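One structure is given below, encoded as structure tokens.
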Amino acid sequence: MAEVEEFDQAYAEAALGDAMAQAVYDRRTELGWTKVELARRAGMNERVIRRLEDGDRPVTTPTLLRLGRALGGHFIVELRSDDPVVTFKPTARRATRSTRRASVSAPTRGASSLLAGLPRTLRRETSGGQTVHQLKADA
């Protein structure tokens with residue numbers, strides 16, 4: 001039974017990482033930016049962006065906040081038991097050329113640490129017998 005729970009946990013974390021990577025990719029391509037351009041605007045190494053989008057690197061809270069600011073908005077993370085959803089919401093202002101450091105003290109390992117220490121609004125909804133947790137993280 002413990003093996004099944006560990007598998008479920010690993011699967012959920014991987015699904016969350018994939019959803020975040022897809023949201024970053026979608027917004028970057030919507031803006032017509034290359035990985036190099038996003039990395040420059042976020043003050044990061046291009047290799048970090050490549051590894052994140054390829055699913056080789058878990059997305060940490062500070063990285064997500066930094067990318068959100070560079071991309072001109074914020075990410076909305078909906079934690080669902082079987083299928084996490086990550087969307088990007090642009091703000092009224094344009095995407096920035098540089099970012100300030102995130103003042104979040106969250107562990108930087110694994111998807112399970114992603115939500116620790118975030119300034120956030122959490123809303124729970126029940127939809128079709130399924131509870132959806134929606135997290136809005138603003139920088």
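Every chain in the structure tokens has a letter given in the order shown (A, B, ...), and although residue numbers restart at 1 in each chain, ligands are simply numbered from 1 in the order shown.
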| Residues near Arg50 in chain A, cut-off 10 Å, only C-alpha atoms, skip fewer than 2 positions along chain, as a ChimeraX atom specification | /A:21,25,35-36,39,45-48,52-57
| field | Members of range 22-89 of chain A assigned alpha helix (DSSP H) by DSSP, as a PyMOL selection string | value | chain A and resi 22-30+35-42+46-53+61-71
Those residues with N, CA and C atoms, as a compact mmCIF listing (two decimals), in the first residue's frame please?
# COMPACT_ATOMS: atom_id res chain seq x y z
N GLN A 22 4.52 23.60 -19.15
CA GLN A 22 3.68 23.92 -20.30
C GLN A 22 3.19 25.37 -20.23
N ALA A 23 2.83 25.84 -19.04
CA ALA A 23 2.36 27.22 -18.89
C ALA A 23 3.47 28.21 -19.21
N VAL A 24 4.69 27.93 -18.78
CA VAL A 24 5.83 28.80 -19.09
C VAL A 24 6.08 28.81 -20.60
N TYR A 25 6.10 27.63 -21.20
CA TYR A 25 6.32 27.51 -22.65
C TYR A 25 5.24 28.26 -23.43
N ASP A 26 3.98 28.05 -23.05
CA ASP A 26 2.87 28.69 -23.77
C ASP A 26 2.98 30.20 -23.74
N ARG A 27 3.27 30.76 -22.56
CA ARG A 27 3.38 32.23 -22.46
C ARG A 27 4.60 32.74 -23.23
N ARG A 28 5.71 32.04 -23.12
CA ARG A 28 6.93 32.46 -23.81
C ARG A 28 6.70 32.50 -25.33
N THR A 29 6.09 31.46 -25.87
CA THR A 29 5.86 31.42 -27.31
C THR A 29 4.77 32.41 -27.73
N GLU A 30 3.80 32.65 -26.87
CA GLU A 30 2.78 33.66 -27.14
C GLU A 30 3.42 35.04 -27.33
N LYS A 35 14.00 31.01 -25.69
CA LYS A 35 14.41 30.67 -24.33
C LYS A 35 15.50 31.61 -23.85
N VAL A 36 16.38 32.00 -24.75
CA VAL A 36 17.46 32.93 -24.41
C VAL A 36 16.88 34.28 -23.99
N GLU A 37 15.87 34.76 -24.72
CA GLU A 37 15.24 36.04 -24.38
C GLU A 37 14.55 35.98 -23.03
N LEU A 38 13.80 34.92 -22.76
CA LEU A 38 13.15 34.78 -21.46
C LEU A 38 14.19 34.72 -20.34
N ALA A 39 15.24 33.96 -20.55
CA ALA A 39 16.30 33.86 -19.54
C ALA A 39 16.91 35.23 -19.27
N ARG A 40 17.17 36.00 -20.31
CA ARG A 40 17.74 37.33 -20.14
C ARG A 40 16.81 38.23 -19.35
N ARG A 41 15.54 38.23 -19.70
CA ARG A 41 14.56 39.09 -19.03
C ARG A 41 14.32 38.66 -17.58
N ALA A 42 14.47 37.37 -17.30
CA ALA A 42 14.27 36.87 -15.94
C ALA A 42 15.55 36.88 -15.12
N GLU A 46 19.98 30.46 -19.58
CA GLU A 46 19.11 29.82 -20.57
C GLU A 46 18.96 28.33 -20.32
N ARG A 47 20.00 27.72 -19.78
CA ARG A 47 19.94 26.28 -19.48
C ARG A 47 18.84 25.96 -18.47
N VAL A 48 18.60 26.87 -17.52
CA VAL A 48 17.53 26.67 -16.53
C VAL A 48 16.18 26.64 -17.23
N ILE A 49 15.97 27.56 -18.16
CA ILE A 49 14.70 27.60 -18.90
C ILE A 49 14.53 26.34 -19.73
N ARG A 50 15.59 25.94 -20.42
CA ARG A 50 15.53 24.73 -21.25
C ARG A 50 15.19 23.50 -20.40
N ARG A 51 15.88 23.34 -19.28
CA ARG A 51 15.65 22.18 -18.43
C ARG A 51 14.25 22.20 -17.82
N LEU A 52 13.76 23.38 -17.47
CA LEU A 52 12.42 23.52 -16.91
C LEU A 52 11.38 23.12 -17.95
N GLU A 53 11.49 23.66 -19.16
CA GLU A 53 10.51 23.35 -20.20
C GLU A 53 10.59 21.90 -20.67
N THR A 61 9.25 27.73 -6.14
CA THR A 61 8.44 28.93 -5.95
C THR A 61 9.18 30.19 -6.39
N PRO A 62 10.42 30.40 -5.95
CA PRO A 62 11.11 31.62 -6.40
C PRO A 62 11.27 31.68 -7.92
N THR A 63 11.53 30.54 -8.55
CA THR A 63 11.67 30.52 -10.01
C THR A 63 10.35 30.87 -10.68
N LEU A 64 9.24 30.31 -10.19
CA LEU A 64 7.93 30.58 -10.76
C LEU A 64 7.56 32.05 -10.61
N LEU A 65 7.84 32.64 -9.46
CA LEU A 65 7.55 34.06 -9.26
C LEU A 65 8.41 34.93 -10.18
N ARG A 66 9.65 34.59 -10.29
CA ARG A 66 10.58 35.34 -11.15
C ARG A 66 10.15 35.27 -12.62
N LEU A 67 9.78 34.08 -13.07
CA LEU A 67 9.32 33.92 -14.45
C LEU A 67 8.01 34.66 -14.68
N GLY A 68 7.12 34.61 -13.70
CA GLY A 68 5.84 35.32 -13.82
C GLY A 68 6.04 36.81 -14.03
N ARG A 69 6.94 37.39 -13.22
CA ARG A 69 7.22 38.82 -13.38
C ARG A 69 7.84 39.12 -14.75
N ALA A 70 8.80 38.29 -15.16
CA ALA A 70 9.46 38.51 -16.45
C ALA A 70 8.47 38.37 -17.60
N LEU A 71 7.50 37.47 -17.47
CA LEU A 71 6.51 37.24 -18.52
C LEU A 71 5.34 38.21 -18.46
| request: Go through range 13-95 of chain A and collect every residue that DSSP, computed from the backbone, puts in strand (DSSP E); the answer should be as a list in words. | output: Gly73, His74, Phe75, Ile76, Val77, Glu78, Leu79, Arg80, Val85, Val86, Thr87, Phe88, Lys89 and Pro90 of chain A
Dump of N, CA, C and O atoms for the selected residues, as a short mmCIF file (atom, residue, chain, number, x, y, z; two decimals), in the first residue's frame:
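Output saved as again.cif:
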data_model
loop_
_atom_site.label_atom_id
_atom_site.label_comp_id
_atom_site.auth_asym_id
_atom_site.auth_seq_id
_atom_site.Cartn_x
_atom_site.Cartn_y
_atom_site.Cartn_z
N GLY A 73 3.03 38.89 -15.69
CA GLY A 73 1.80 38.48 -15.03
C GLY A 73 2.07 37.54 -13.89
O GLY A 73 3.09 37.66 -13.20
N HIS A 74 1.16 36.61 -13.68
CA HIS A 74 1.33 35.62 -12.62
C HIS A 74 0.70 34.29 -13.03
O HIS A 74 -0.11 34.24 -13.94
N PHE A 75 1.13 33.25 -12.34
CA PHE A 75 0.61 31.91 -12.61
C PHE A 75 -0.48 31.59 -11.60
O PHE A 75 -0.40 31.96 -10.44
N ILE A 76 -1.48 30.89 -12.05
CA ILE A 76 -2.55 30.40 -11.18
C ILE A 76 -2.44 28.88 -11.19
O ILE A 76 -2.48 28.25 -12.25
N VAL A 77 -2.28 28.31 -10.00
CA VAL A 77 -2.10 26.87 -9.86
C VAL A 77 -3.35 26.29 -9.22
O VAL A 77 -3.74 26.71 -8.13
N GLU A 78 -4.00 25.37 -9.90
CA GLU A 78 -5.15 24.65 -9.35
C GLU A 78 -4.71 23.23 -9.04
O GLU A 78 -4.35 22.48 -9.94
N LEU A 79 -4.70 22.90 -7.77
CA LEU A 79 -4.28 21.56 -7.36
C LEU A 79 -5.50 20.66 -7.31
O LEU A 79 -6.36 20.80 -6.45
N ARG A 80 -5.54 19.75 -8.24
CA ARG A 80 -6.64 18.78 -8.30
C ARG A 80 -6.05 17.42 -7.99
O ARG A 80 -4.89 17.15 -8.29
N VAL A 85 -3.78 21.98 -12.78
CA VAL A 85 -3.90 22.92 -13.88
C VAL A 85 -3.11 24.18 -13.52
O VAL A 85 -3.27 24.73 -12.44
N VAL A 86 -2.25 24.62 -14.43
CA VAL A 86 -1.49 25.85 -14.24
C VAL A 86 -1.79 26.76 -15.42
O VAL A 86 -1.62 26.36 -16.57
N THR A 87 -2.25 27.96 -15.13
CA THR A 87 -2.53 28.93 -16.18
C THR A 87 -1.75 30.21 -15.89
O THR A 87 -1.34 30.46 -14.76
N PHE A 88 -1.56 31.00 -16.91
CA PHE A 88 -0.87 32.27 -16.77
C PHE A 88 -1.85 33.39 -16.99
O PHE A 88 -2.63 33.35 -17.94
N LYS A 89 -1.84 34.37 -16.11
CA LYS A 89 -2.72 35.53 -16.27
C LYS A 89 -1.86 36.78 -16.40
O LYS A 89 -1.19 37.18 -15.45
N PRO A 90 -1.88 37.40 -17.58
CA PRO A 90 -1.09 38.63 -17.76
C PRO A 90 -1.68 39.77 -16.94
O PRO A 90 -2.89 39.83 -16.71
#
| said: Residues within 9 Å of Ala14 in chain A, please, as a PyMOL selection string. Count only C-alpha atoms; anything in the same chain fewer than 5 positions from it doesn't count. | reply: chain A and resi 9+19+55+58+111
Output file for the selection above: N, CA and C atoms, as an mmCIF file, in the first residue's frame:
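result_15.cif, freshly written:
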data_model
loop_
_atom_site.group_PDB
_atom_site.id
_atom_site.type_symbol
_atom_site.label_atom_id
_atom_site.label_comp_id
_atom_site.auth_asym_id
_atom_site.auth_seq_id
_atom_site.Cartn_x
_atom_site.Cartn_y
_atom_site.Cartn_z
ATOM 1 N N GLN A 9 2.060 9.910 -5.284
ATOM 2 C CA GLN A 9 2.700 11.183 -4.931
ATOM 3 C C GLN A 9 3.667 11.607 -6.034
ATOM 4 N N ALA A 19 2.632 20.562 -15.939
ATOM 5 C CA ALA A 19 1.666 21.648 -16.146
ATOM 6 C C ALA A 19 2.345 23.011 -16.039
ATOM 7 N N GLY A 55 11.170 19.472 -18.680
ATOM 8 C CA GLY A 55 10.744 18.646 -17.567
ATOM 9 C C GLY A 55 11.891 18.019 -16.798
ATOM 10 N N PRO A 58 12.604 20.562 -11.567
ATOM 11 C CA PRO A 58 11.366 20.969 -10.894
ATOM 12 C C PRO A 58 11.307 22.492 -10.779
ATOM 13 N N ALA A 111 8.566 19.366 -6.300
ATOM 14 C CA ALA A 111 7.304 20.052 -6.527
ATOM 15 C C ALA A 111 6.496 20.193 -5.252
#
